[in-house]
>>> print(open('structure01.pdb').read())   # PDB, C-alpha atoms
ATOM      1  CA  MET A   1     122.623 -89.184 119.766
ATOM      2  CA  ILE A   2     118.861 -88.773 120.189
ATOM      3  CA  MET A   3     119.267 -85.007 120.575
ATOM      4  CA  THR A   4     121.814 -84.879 117.734
ATOM      5  CA  ILE A   5     119.452 -86.668 115.342
ATOM      6  CA  GLY A   6     116.487 -84.551 116.436
ATOM      7  CA  LEU A   7     118.333 -81.247 116.055
ATOM      8  CA  GLY A   8     120.248 -82.055 112.874
ATOM      9  CA  VAL A   9     117.364 -83.598 110.916
ATOM     10  CA  THR A  10     114.788 -81.028 112.061
ATOM     11  CA  VAL A  11     116.928 -78.020 111.164
ATOM     12  CA  ALA A  12     117.826 -79.573 107.789
ATOM     13  CA  VAL A  13     114.191 -80.251 106.862
ATOM     14  CA  PHE A  14     112.982 -76.798 107.912
ATOM     15  CA  SER A  15     115.811 -75.053 106.069
ATOM     16  CA  VAL A  16     114.987 -76.913 102.813
ATOM     17  CA  VAL A  17     111.199 -76.650 103.012
ATOM     18  CA  TRP A  18     111.343 -72.934 103.846
ATOM     19  CA  LYS A  19     114.353 -72.073 101.711
ATOM     20  CA  GLY A  20     115.564 -68.513 102.208
ATOM     21  CA  GLY A  21     113.938 -68.213 105.632
ATOM     22  CA  ILE A  22     115.613 -67.472 108.922
ATOM     23  CA  VAL A  23     116.157 -71.176 109.679
ATOM     24  CA  ASP A  24     117.923 -71.602 106.339
ATOM     25  CA  HIS A  25     120.288 -68.688 106.997
ATOM     26  CA  VAL A  26     121.001 -69.797 110.563
ATOM     27  CA  SER A  27     121.629 -73.388 109.421
ATOM     28  CA  ARG A  28     124.245 -72.228 106.913
ATOM     29  CA  ILE A  29     126.153 -70.327 109.588
ATOM     30  CA  TYR A  30     125.758 -73.194 112.041
ATOM     31  CA  GLY A  31     126.916 -75.745 109.461
ATOM     32  CA  LEU A  32     130.106 -73.779 108.835
ATOM     33  CA  ALA A  33     130.783 -73.145 112.519
ATOM     34  CA  ALA A  34     129.979 -76.625 113.831
ATOM     35  CA  GLY A  35     132.745 -78.248 111.816
ATOM     36  CA  ALA A  36     135.347 -75.709 112.914
ATOM     37  CA  ILE A  37     134.571 -75.248 116.614
ATOM     38  CA  PRO A  38     136.272 -77.810 118.907
ATOM     39  CA  ASP A  39     134.063 -79.606 121.387
ATOM     40  CA  PHE A  40     136.078 -78.609 124.458
ATOM     41  CA  TRP A  41     135.644 -74.913 123.584
ATOM     42  CA  VAL A  42     131.880 -75.333 123.267
ATOM     43  CA  GLY A  43     131.890 -77.091 126.635
ATOM     44  CA  LEU A  44     133.851 -74.282 128.267
ATOM     45  CA  LEU A  45     131.464 -71.667 126.817
ATOM     46  CA  LEU A  46     128.434 -73.555 128.127
ATOM     47  CA  ILE A  47     130.023 -73.830 131.569
ATOM     48  CA  PHE A  48     130.795 -70.107 131.593
ATOM     49  CA  PHE A  49     127.389 -68.882 130.413
ATOM     50  CA  LEU A  50     124.962 -71.478 131.814
ATOM     51  CA  PHE A  51     126.726 -72.391 135.064
ATOM     52  CA  TYR A  52     128.882 -69.404 136.021
ATOM     53  CA  MET A  53     126.888 -66.485 134.575
ATOM     54  CA  ALA A  54     123.265 -67.718 134.574
ATOM     55  CA  GLY A  55     123.487 -70.322 137.333
ATOM     56  CA  ILE A  56     120.877 -72.539 135.677
ATOM     57  CA  ALA A  57     123.089 -75.588 135.027
ATOM     58  CA  ALA A  58     124.642 -78.009 137.480
ATOM     59  CA  ALA A  59     128.319 -77.765 138.384
ATOM     60  CA  PRO A  60     130.572 -79.587 135.885
ATOM     61  CA  PHE A  61     132.030 -81.953 138.478
ATOM     62  CA  GLY A  62     131.287 -85.599 137.842
ATOM     63  CA  ARG A  63     128.107 -87.580 137.333
ATOM     64  CA  ILE A  64     126.344 -86.747 140.601
ATOM     65  CA  ASP A  65     126.517 -84.179 143.394
ATOM     66  CA  ALA A  66     129.403 -84.875 145.777
ATOM     67  CA  MET A  67     127.030 -84.518 148.738
ATOM     68  CA  LEU A  68     124.841 -87.370 147.481
ATOM     69  CA  SER A  69     125.516 -91.078 147.486
ATOM     70  CA  ALA A  70     125.557 -92.900 144.177
ATOM     71  CA  PRO A  71     122.572 -95.242 143.682
ATOM     72  CA  PRO A  72     123.126 -99.004 143.989
ATOM     73  CA  MET A  73     124.835-100.440 140.933
ATOM     74  CA  ILE A  74     122.267-102.161 138.710
ATOM     75  CA  THR A  75     122.751-100.966 135.126
ATOM     76  CA  GLY A  76     125.613 -98.500 135.615
ATOM     77  CA  PHE A  77     123.454 -95.564 134.483
ATOM     78  CA  TYR A  78     122.922 -93.264 137.457
ATOM     79  CA  THR A  79     119.656 -91.970 136.009
ATOM     80  CA  VAL A  80     118.192 -95.455 135.599
ATOM     81  CA  ASP A  81     119.638 -96.860 138.826
ATOM     82  CA  SER A  82     118.367 -93.933 140.899
ATOM     83  CA  LEU A  83     114.855 -94.415 139.483
ATOM     84  CA  LEU A  84     114.960 -98.137 140.223
ATOM     85  CA  ALA A  85     116.112 -97.367 143.762
ATOM     86  CA  GLY A  86     113.460 -94.662 144.195
ATOM     87  CA  ASP A  87     116.113 -92.038 144.994
ATOM     88  CA  MET A  88     114.671 -88.918 143.347
ATOM     89  CA  ALA A  89     117.390 -86.615 144.722
ATOM     90  CA  ALA A  90     120.061 -88.722 143.013
ATOM     91  CA  PHE A  91     117.940 -88.849 139.841
ATOM     92  CA  ARG A  92     117.572 -85.049 139.658
ATOM     93  CA  SER A  93     121.274 -84.585 140.330
ATOM     94  CA  SER A  94     122.372 -87.137 137.713
ATOM     95  CA  VAL A  95     120.027 -85.645 135.086
ATOM     96  CA  GLY A  96     121.314 -82.158 135.883
ATOM     97  CA  ARG A  97     124.907 -83.289 135.419
ATOM     98  CA  LEU A  98     123.983 -84.728 132.017
ATOM     99  CA  ILE A  99     122.694 -81.469 130.544
ATOM    100  CA  LEU A 100     125.949 -79.649 129.780
ATOM    101  CA  PRO A 101     128.022 -82.559 128.370
ATOM    102  CA  VAL A 102     125.080 -83.833 126.304
ATOM    103  CA  LEU A 103     124.389 -80.317 125.004
ATOM    104  CA  THR A 104     128.072 -79.915 124.111
ATOM    105  CA  LEU A 105     128.220 -83.123 122.075
ATOM    106  CA  THR A 106     124.861 -82.344 120.450
ATOM    107  CA  ILE A 107     125.916 -78.876 119.287
ATOM    108  CA  VAL A 108     129.199 -80.159 117.860
ATOM    109  CA  ASN A 109     127.934 -83.312 116.127
ATOM    110  CA  ALA A 110     124.533 -82.128 114.901
ATOM    111  CA  GLY A 111     126.252 -79.812 112.406
ATOM    112  CA  MET A 112     127.701 -82.694 110.389
ATOM    113  CA  LEU A 113     124.416 -84.584 110.429
ATOM    114  CA  MET A 114     122.490 -81.451 109.457
ATOM    115  CA  LYS A 115     124.703 -80.771 106.432
ATOM    116  CA  MET A 116     124.445 -84.366 105.198
ATOM    117  CA  THR A 117     120.664 -84.427 105.688
ATOM    118  CA  LYS A 118     120.239 -81.029 104.075
ATOM    119  CA  ALA A 119     122.245 -81.970 100.972
ATOM    120  CA  THR A 120     120.420 -85.275 100.471
ATOM    121  CA  PHE A 121     116.950 -84.029 101.391
ATOM    122  CA  SER A 122     117.304 -80.936  99.176
ATOM    123  CA  ASP A 123     118.000 -83.032  96.052
ATOM    124  CA  ILE A 124     115.107 -85.401  96.706
ATOM    125  CA  TYR A 125     112.660 -82.653  97.735
ATOM    126  CA  ARG A 126     113.131 -81.047  94.306
ATOM    127  CA  SER A 127     113.110 -84.291  92.310
ATOM    128  CA  ASP A 128     110.551 -85.279  89.680
ATOM    129  CA  PHE A 129     108.588 -87.764  91.787
ATOM    130  CA  ILE A 130     108.114 -85.153  94.538
ATOM    131  CA  ARG A 131     106.834 -82.668  91.970
ATOM    132  CA  HIS A 132     104.459 -85.374  90.731
ATOM    133  CA  GLN A 133     103.199 -85.937  94.286
ATOM    134  CA  ARG A 134     102.610 -82.212  94.698
ATOM    135  CA  ALA A 135     100.797 -82.012  91.341
ATOM    136  CA  SER A 136      98.624 -84.961  92.385
ATOM    137  CA  GLY A 137      97.370 -82.959  95.354
ATOM    138  CA  LEU A 138      99.161 -84.678  98.228
ATOM    139  CA  PRO A 139      99.364 -82.558 101.382
ATOM    140  CA  GLU A 140     102.746 -80.964 102.090
ATOM    141  CA  ARG A 141     103.194 -82.978 105.281
ATOM    142  CA  ALA A 142     102.940 -86.250 103.314
ATOM    143  CA  ILE A 143     105.337 -84.929 100.671
ATOM    144  CA  VAL A 144     107.934 -83.942 103.275
ATOM    145  CA  LYS A 145     107.582 -87.339 104.957
ATOM    146  CA  SER A 146     108.061 -89.141 101.644
ATOM    147  CA  ALA A 147     111.114 -87.063 100.726
ATOM    148  CA  LEU A 148     112.628 -87.559 104.172
ATOM    149  CA  ARG A 149     112.198 -91.324 104.027
ATOM    150  CA  ASN A 150     113.963 -91.452 100.664
ATOM    151  CA  SER A 151     116.779 -89.361 102.177
ATOM    152  CA  LEU A 152     117.399 -91.689 105.108
ATOM    153  CA  PRO A 153     120.119 -94.103 103.820
ATOM    154  CA  PRO A 154     122.942 -91.495 103.775
ATOM    155  CA  VAL A 155     121.618 -90.060 107.058
ATOM    156  CA  ILE A 156     121.727 -93.503 108.670
ATOM    157  CA  THR A 157     125.320 -93.906 107.473
ATOM    158  CA  THR A 158     126.274 -90.612 109.123
ATOM    159  CA  VAL A 159     124.513 -91.575 112.356
ATOM    160  CA  GLY A 160     126.397 -94.889 112.416
ATOM    161  CA  PHE A 161     129.684 -93.053 111.938
ATOM    162  CA  LEU A 162     128.840 -90.630 114.763
ATOM    163  CA  PHE A 163     127.983 -93.538 117.079
ATOM    164  CA  SER A 164     131.396 -95.068 116.434
ATOM    165  CA  PHE A 165     133.131 -91.703 116.696
ATOM    166  CA  LEU A 166     131.596 -90.861 120.066
ATOM    167  CA  LEU A 167     132.775 -94.120 121.596
ATOM    168  CA  GLY A 168     136.291 -92.795 122.226
ATOM    169  CA  ALA A 169     136.463 -89.328 120.695
ATOM    170  CA  ALA A 170     134.676 -87.508 123.534
ATOM    171  CA  VAL A 171     137.757 -87.652 125.750
ATOM    172  CA  LEU A 172     138.118 -83.857 126.013
ATOM    173  CA  VAL A 173     134.458 -83.432 126.931
ATOM    174  CA  GLU A 174     134.840 -86.203 129.509
ATOM    175  CA  THR A 175     137.849 -84.383 130.968
ATOM    176  CA  ILE A 176     136.157 -80.981 131.154
ATOM    177  CA  PHE A 177     133.078 -82.328 132.922
ATOM    178  CA  SER A 178     134.987 -84.860 135.070
ATOM    179  CA  TRP A 179     133.233 -87.840 133.521
ATOM    180  CA  GLY A 180     135.110 -91.115 133.442
ATOM    181  CA  GLY A 181     134.486 -92.564 129.996
ATOM    182  CA  LEU A 182     136.070 -94.985 127.552
ATOM    183  CA  GLY A 183     138.009 -92.157 125.923
ATOM    184  CA  GLN A 184     139.721 -91.212 129.175
ATOM    185  CA  TYR A 185     140.266 -94.893 129.983
ATOM    186  CA  ALA A 186     142.082 -95.429 126.663
ATOM    187  CA  VAL A 187     144.191 -92.279 127.026
ATOM    188  CA  GLN A 188     145.256 -93.230 130.560
ATOM    189  CA  ALA A 189     146.111 -96.730 129.332
ATOM    190  CA  VAL A 190     148.416 -95.233 126.684
ATOM    191  CA  ILE A 191     150.053 -92.838 129.176
ATOM    192  CA  ASN A 192     150.629 -95.610 131.719
ATOM    193  CA  SER A 193     151.701 -98.164 129.081
ATOM    194  CA  ASP A 194     148.878-100.408 130.255
ATOM    195  CA  TYR A 195     148.726-102.590 127.164
ATOM    196  CA  PRO A 196     146.122-105.114 128.405
ATOM    197  CA  ALA A 197     143.734-102.236 129.176
ATOM    198  CA  LEU A 198     144.419-100.674 125.776
ATOM    199  CA  GLN A 199     143.869-104.021 124.066
ATOM    200  CA  GLY A 200     140.587-104.388 125.921
ATOM    201  CA  PHE A 201     139.468-100.963 124.724
ATOM    202  CA  VAL A 202     140.342-101.807 121.117
ATOM    203  CA  LEU A 203     138.423-105.106 121.276
ATOM    204  CA  VAL A 204     135.362-103.487 122.868
ATOM    205  CA  ALA A 205     135.450-100.622 120.350
ATOM    206  CA  ALA A 206     135.806-103.028 117.410
ATOM    207  CA  ALA A 207     132.883-105.174 118.604
ATOM    208  CA  PHE A 208     130.724-102.108 119.213
ATOM    209  CA  ILE A 209     131.479-100.663 115.776
ATOM    210  CA  LEU A 210     130.711-103.984 114.054
ATOM    211  CA  ILE A 211     127.346-104.140 115.828
ATOM    212  CA  VAL A 212     126.547-100.532 114.880
ATOM    213  CA  TYR A 213     127.379-101.118 111.211
ATOM    214  CA  LEU A 214     125.339-104.328 111.206
ATOM    215  CA  ILE A 215     122.349-102.357 112.519
ATOM    216  CA  VAL A 216     122.993 -99.705 109.853
ATOM    217  CA  ASP A 217     122.873-102.362 107.117
ATOM    218  CA  VAL A 218     119.593-103.743 108.471
ATOM    219  CA  LEU A 219     118.073-100.262 108.676
ATOM    220  CA  TYR A 220     118.968 -99.666 105.010
ATOM    221  CA  GLU A 221     116.552-102.380 103.920
ATOM    222  CA  LEU A 222     113.852-101.254 106.372
ATOM    223  CA  VAL A 223     113.787 -97.678 105.070
ATOM    224  CA  ASP A 224     114.324 -98.609 101.411
ATOM    225  CA  PRO A 225     113.074-102.083 100.368
ATOM    226  CA  ARG A 226     114.976-101.745  97.082
ATOM    227  CA  ILE A 227     118.204-102.283  99.040
ATOM    228  CA  LYS A 228     118.927-105.911  99.857
ATOM    229  CA  VAL A 229     121.267-106.654 102.748
TER     230      VAL A 229
END
>>> encode(input="structure01.pdb", output="structure tokens")
Amino acid sequence: MIMTIGLGVTVAVFSVVWKGGIVDHVSRIYGLAAGAIPDFWVGLLLIFFLFYMAGIAAAPFGRIDAMLSAPPMITGFYTVDSLLAGDMAAFRSSVGRLILPVLTLTIVNAGMLMKMTKATFSDIYRSDFIRHQRASGLPERAIVKSALRNSLPPVITTVGFLFSFLLGAAVLVETIFSWGGLGQYAVQAVINSDYPALQGFVLVAAAFILIVYLIVDVLYELVDPRIKV
């Protein structure tokens, strides 16, 4: 999500501020393609080009190299646990195995966030109060920052939706990269008619989504004091 927000918001801002430039043209093509390209296909392309052809990415087989031992269970995150255990080999391996699946989900989901940010930011960037700020002599950096802050409520809504969506919708990406996630857990529960496991997934997902939307409501008031939660 950090990479998705960084890519989507940055591309949207640059494409609006420098309208008609190369970033603007690329963002339009990317916005159309991102909503139509399935995530598993993006993952397979990244595996083919970055792992098979270029050899610069780790093999898409699980969370850590099969020749290495998993770090002691502390948080459940191999990257964090390996650092806490001082196992740098496990840390490098776990980070390497993160690159391709994270890049896949970023490429697919940043398109939606970019289009939402671009539409909202474009309207505000050309509004009357922004023109007044520019006429008053404010530097462009301050103007862009002000317009972006006023664009944040719809962006925060989209980010909250993506958080909830990624909880169980990354099952194909999990399968391609041999990552055991909640999506795979829920699918296997359905296939095996394991109703207690499926019920557990639904309860965890519901609680997680409620927490995310509560945070979204709180962030509304932080970015725009006119909104009262």
>>> axis_aligned_box(input="structure01.pdb", around="segment 152-169 of chain A", padding_each_side="5 Å", output="AutoDock Vina command-line options")
--center_x 126.9 --center_y -92.2 --center_z 113.0 --size_x 29.1 --size_y 15.7 --size_z 28.5
>>> residues_around(input="structure01.pdb", residues="Tyr78 of chain A", least_positions_apart="4", cutoff="7 Å", atoms="all atoms listed in the file", output="list in words")
Pro71, Ser82 and Ser94 of chain A
>>> resolve_selection(input="structure01.pdb", expression="the PyMOL selection byres ((chain A and resi 107-120) around 7)", output="count of residues only")
25
>>> resolve_selection(input="structure01.pdb", expression="the PyMOL selection byres ((chain A and resi 52-68) around 10)", output="number ranges by chain")
A: 43-51, 69-71, 77-79, 89-101, 174-180
>>> residues_around(input="structure01.pdb", residues="Gly160 of chain A", least_positions_apart="6", cutoff="9 Å", atoms="only C-alpha atoms", output="NGL selection string")
:A and (209 or 212-213 or 215-216)
>>> closest_residue(input="structure01.pdb", among="A:Ile22, A:Arg149, A:Leu162, A:Arg126", to="Pro225 of chain A", atoms="all atoms listed in the file")
A:Arg149
>>> residues_around(input="structure01.pdb", residues="Ile130 of chain A", least_positions_apart="6", cutoff="10 Å", atoms="all atoms listed in the file", output="list in words")
Ile124, Ser136, Leu138, Ile143, Val144, Ser146 and Ala147 of chain A
>>> atom_distance(input="structure01.pdb", atom1="atom CA of Phe165 of chain A", atom2="atom CA of Gly183 of chain A")
10.4 Å
>>> closest_residue(input="structure01.pdb", among="A:Lys145, A:Asp24, A:Val202, A:Asp217", to="Gly168 of chain A", atoms="all atoms listed in the file")
A:Val202
>>> closest_residue(input="structure01.pdb", among="A:Ala206, A:Arg226, A:Thr157, A:Val42", to="Leu172 of chain A", atoms="all atoms listed in the file")
A:Val42
>>> decode(input="structure01.pdb", residues="segment 106-119 of chain A", atoms="N, CA, C and O atoms", output="PDB file, in the first residue's frame")
ATOM      1  N   THR A 106       1.313  -3.430  -6.650  1.00  0.00           N
ATOM      2  CA  THR A 106       1.452  -1.975  -6.801  1.00  0.00           C
ATOM      3  C   THR A 106       1.041  -1.541  -8.196  1.00  0.00           C
ATOM      4  O   THR A 106       0.285  -0.582  -8.370  1.00  0.00           O
ATOM      5  N   ILE A 107       1.547  -2.225  -9.212  1.00  0.00           N
ATOM      6  CA  ILE A 107       1.235  -1.857 -10.600  1.00  0.00           C
ATOM      7  C   ILE A 107      -0.265  -1.946 -10.863  1.00  0.00           C
ATOM      8  O   ILE A 107      -0.853  -1.079 -11.520  1.00  0.00           O
ATOM      9  N   VAL A 108      -0.897  -2.985 -10.343  1.00  0.00           N
ATOM     10  CA  VAL A 108      -2.323  -3.198 -10.617  1.00  0.00           C
ATOM     11  C   VAL A 108      -3.195  -2.187  -9.869  1.00  0.00           C
ATOM     12  O   VAL A 108      -4.121  -1.604 -10.436  1.00  0.00           O
ATOM     13  N   ASN A 109      -2.898  -1.940  -8.599  1.00  0.00           N
ATOM     14  CA  ASN A 109      -3.783  -1.123  -7.769  1.00  0.00           C
ATOM     15  C   ASN A 109      -3.497   0.367  -7.838  1.00  0.00           C
ATOM     16  O   ASN A 109      -4.376   1.177  -7.546  1.00  0.00           O
ATOM     17  N   ALA A 110      -2.270   0.745  -8.218  1.00  0.00           N
ATOM     18  CA  ALA A 110      -1.950   2.170  -8.283  1.00  0.00           C
ATOM     19  C   ALA A 110      -2.725   2.872  -9.393  1.00  0.00           C
ATOM     20  O   ALA A 110      -2.942   4.087  -9.323  1.00  0.00           O
ATOM     21  N   GLY A 111      -3.150   2.134 -10.415  1.00  0.00           N
ATOM     22  CA  GLY A 111      -3.901   2.741 -11.509  1.00  0.00           C
ATOM     23  C   GLY A 111      -5.215   3.340 -11.046  1.00  0.00           C
ATOM     24  O   GLY A 111      -5.570   4.464 -11.405  1.00  0.00           O
ATOM     25  N   MET A 112      -5.953   2.587 -10.210  1.00  0.00           N
ATOM     26  CA  MET A 112      -7.228   3.093  -9.697  1.00  0.00           C
ATOM     27  C   MET A 112      -7.010   4.320  -8.821  1.00  0.00           C
ATOM     28  O   MET A 112      -7.722   5.320  -8.949  1.00  0.00           O
ATOM     29  N   LEU A 113      -6.013   4.242  -7.943  1.00  0.00           N
ATOM     30  CA  LEU A 113      -5.732   5.370  -7.062  1.00  0.00           C
ATOM     31  C   LEU A 113      -5.272   6.586  -7.849  1.00  0.00           C
ATOM     32  O   LEU A 113      -5.639   7.726  -7.538  1.00  0.00           O
ATOM     33  N   MET A 114      -4.480   6.360  -8.890  1.00  0.00           N
ATOM     34  CA  MET A 114      -3.993   7.464  -9.718  1.00  0.00           C
ATOM     35  C   MET A 114      -5.148   8.173 -10.415  1.00  0.00           C
ATOM     36  O   MET A 114      -5.200   9.409 -10.450  1.00  0.00           O
ATOM     37  N   LYS A 115      -6.085   7.421 -10.965  1.00  0.00           N
ATOM     38  CA  LYS A 115      -7.209   8.036 -11.679  1.00  0.00           C
ATOM     39  C   LYS A 115      -8.100   8.838 -10.729  1.00  0.00           C
ATOM     40  O   LYS A 115      -8.549   9.930 -11.079  1.00  0.00           O
ATOM     41  N   MET A 116      -8.346   8.308  -9.535  1.00  0.00           N
ATOM     42  CA  MET A 116      -9.154   9.038  -8.559  1.00  0.00           C
ATOM     43  C   MET A 116      -8.447  10.319  -8.127  1.00  0.00           C
ATOM     44  O   MET A 116      -9.045  11.401  -8.062  1.00  0.00           O
ATOM     45  N   THR A 117      -7.149  10.203  -7.816  1.00  0.00           N
ATOM     46  CA  THR A 117      -6.378  11.375  -7.389  1.00  0.00           C
ATOM     47  C   THR A 117      -6.298  12.406  -8.500  1.00  0.00           C
ATOM     48  O   THR A 117      -6.430  13.617  -8.256  1.00  0.00           O
ATOM     49  N   LYS A 118      -6.080  11.946  -9.710  1.00  0.00           N
ATOM     50  CA  LYS A 118      -5.952  12.860 -10.845  1.00  0.00           C
ATOM     51  C   LYS A 118      -7.241  13.632 -11.082  1.00  0.00           C
ATOM     52  O   LYS A 118      -7.219  14.852 -11.323  1.00  0.00           O
ATOM     53  N   ALA A 119      -8.380  12.944 -11.028  1.00  0.00           N
ATOM     54  CA  ALA A 119      -9.667  13.610 -11.258  1.00  0.00           C
ATOM     55  C   ALA A 119      -9.957  14.649 -10.179  1.00  0.00           C
ATOM     56  O   ALA A 119     -10.368  15.780 -10.479  1.00  0.00           O
TER      57      ALA A 119
END
